[in-house]
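A.B. asks: Below you will find the structure I want to go over with you.
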Amino acid sequence: MKVRTRFAPSPTGYMHIGNLRTALYAYLVAKKDNGDFILRIEDTDQNRQVEGATDIIYDTLKTCGLMHDEGPDVGGNYGPYVQSDRMKQGLYKEYAMKLVKSGHAHVCFCKEEDIEIQKQIANAKGESFLYRDPCKNLSKEEVEKRIEAGEEYVIRQTIKPEGTTTFDDEVYGSITVNNADLDEMILLKSDGYPTYNFANVVDDHLMDITHVVRGNEYLSSTPKYNLLYEAYGWDKPVYIHCPPVMKNEHEKLSKRNGDASFQDLVAKGYLPEAILNYIALLGWAPSEEREIYSLPELCQAFDVKRIGTSGAIFDIEKLKWMNGVYLRNMDDKAYFELVEPMIKETVDPKYNYEDIAKALKDRVMLLTEVKDMIDFFNEVKDYSIDLYANKKAKTNAEVAKKSLELALPALEALDTFDNDGIFQALAKVAADNELKNITIMYPIQVALSGKDKTPGGATMIGQILGKEETIKRIKDAIAKLA
RNA sequence: GGUCGAUUGGUGAAACGGUUAACACAUCGCCCUCUCAAGGCGACAUUCACGGGUUCAAAUCCCGUAUCGAUCACCA
């Protein structure tokens with residue numbers, strides 16, 4: 001049978017990293033076996049609808065290259081793919097009633113508030129609370145009478161407290177629980193919408209989902225789902241529960257904590273490919289000693305058996321490093337296209353953007369850093385002459401001034417003012433005066449940029465600035481050092 | 001509190017009964033170099049939460065303890 005996985009987010013805001021990783025794993029599980037990856041929108045909570053949330057889901061998946069084969073926007077043979085649309089077809093109620101008929105579910109008239117009070121009493125006494133619904137003992141006649149009278153009701157799963165339920169998870173192995181510990185969860189809410197728990201089971205079955213990939217917070221409710229599958233006589237899917245992505249040792253990464261979402265990271269200058277690559281490694285380890293994988297390569301290398309069981313802390317430092325790797329691995333043309341807008345924003349068009357991009361490459365880890373690195377081309381901001389003191393170059397303000405004075409005539413005499421030409425001229429000056437190259441170069445770099453760290457060395461900056469501007473800046477520096 | 005799950009360095013992690021406990025990020029050195037990066041080299045867990053047990057042999061298997069997490073919603 002063809003592998004079919006699904007990503008089933010509820011449209012309640014933006015895409016956080018843990019969610020995206022679950023989507024990635026679901027995608028990989030499917031694509032590893034040339035299966036289908038389905039997007040289903042779970043909007044059964046009418047109180048949590050957020051405007052535009054589904055668009056964010058579409059955009060994120062698209063930017064990441066996690067293209068779904070079926071979904072609300074692309075169609076498919078198992079539609080509709082939005083649960084509220086499915087609900088309108090009366091689908092969930094129909095399935096819920098089947099369960100009522102077979103005795104695996106029942107109509108319940110209990111008031112939410114009453115249960116809440118019982119729970120609080122139990123908690124106050126320090127007892128554990130497990131709801132055993134008295135409504136399951138109501139006679140058919142009474143149930144019908146009360147429904148007819150317009151009383152609000154929900155449909156609950158009926159669980160017989162005897163025996164145990166066992167399920168197998170690809171990641172966590174075999175897990176067994178006592179049925180007596182399972183609570184009788186609501187399947188259909190009083191507003192007629194199904195709960196996640198119910199809609200999920202029904203839809204996964206109806207959509208022929210073969211592998212259920214989801215967070216491990218569902219581990220404890222999985223036995224209840226299995227009881228549902230059994231009640232219907234349906235085949236159970238393969239379960240793949242993923243460990244959580246943590247912010248730190250104690251907290252999960254979440255929207256609630258204001259933690260970075262996918263779009264936040266992109267806005268901060270991270271490349272989608274790098275983000276995807278990095279999160280793939282949170283909770284999963286390749287079998288070979290390699291960490292850089294494109295999405296197609298991940299499809300090949302991915303193996304459910306190598307998903308871990310404990311939460312992984314999201315380390316922004318490593319993402320940063322990986323982002324740098326992606327940036328450096330880009331070919332010059334693609335790199336230029338990426339950084340050009342940023343250069344344009346900060347640097348006068350009279351300068352050569354391609355040269356600047358070249359100088360920038362290998363030095364940038366985050367695109368958002370670019371601006372600060374190249375702002376000196378337009379104008380040297382006021383700087384301290386302490387910058388001229390450099391241990392490696394063996395310079396201080398005094399030495400630097402001499403170096404600049406020695407370099408000035410050589411540069412003025414230069415006809416071809418490019419990187420090589422400048423280097424030759426300055427190297428000669430250094431040699432003639434028995435100085436290390438750097439003793440000449442470093443002060444020029446500072447004079448031209450007002451910074452101790454720059455993309456490209458003194459000669460590259462000189463080439464970009466051009467002869468006139470270079471000479472001017474060196475003269476300014478000499479004056480400053482006087 | 002009940003139930004279920006997890007536990008290898010600051011971080012991600014490998015190891016599937018026998019290795020000097022990989023590798024990567026970070027950190028710290030050194031080298032290269034016209035700065036900074038990048039790159040190269042090296043340092044960084046006498047030890048795998050703790051205590052027992054099984055075994056010739058345990059990070060790996062078993063049992064307890066501790067700690068952390070998840071769940072116990074008409075949220076997903």
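Identifiers in the structure tokens: chain A, B, ... in order shown; residue index from 1 per chain; ligand index from 1 in order shown.
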Compute the chain B side of the contact with chain A at 10 Å, counting only C-alpha atoms (C1' of nucleotides), and hand it back as number ranges by chain.
C.D. replies: B: 1-7, 11-14, 22-26, 33-38, 68-76
A.B. asks: In region 125-163 of chain A, what's strand (DSSP E or B) per DSSP? Answer as an MDAnalysis selection string?
C.D. replies: chainID A and resid 154:157
A.B. asks: Could you pull out all residues of region 41-290 of chain A with a DSSP call of alpha helix (DSSP H) and give them as a VMD selection string?
C.D. replies: chain A and resid 53 to 64 83 to 88 91 to 102 112 to 124 140 to 148 196 to 206 222 to 232 262 to 267 272 to 280
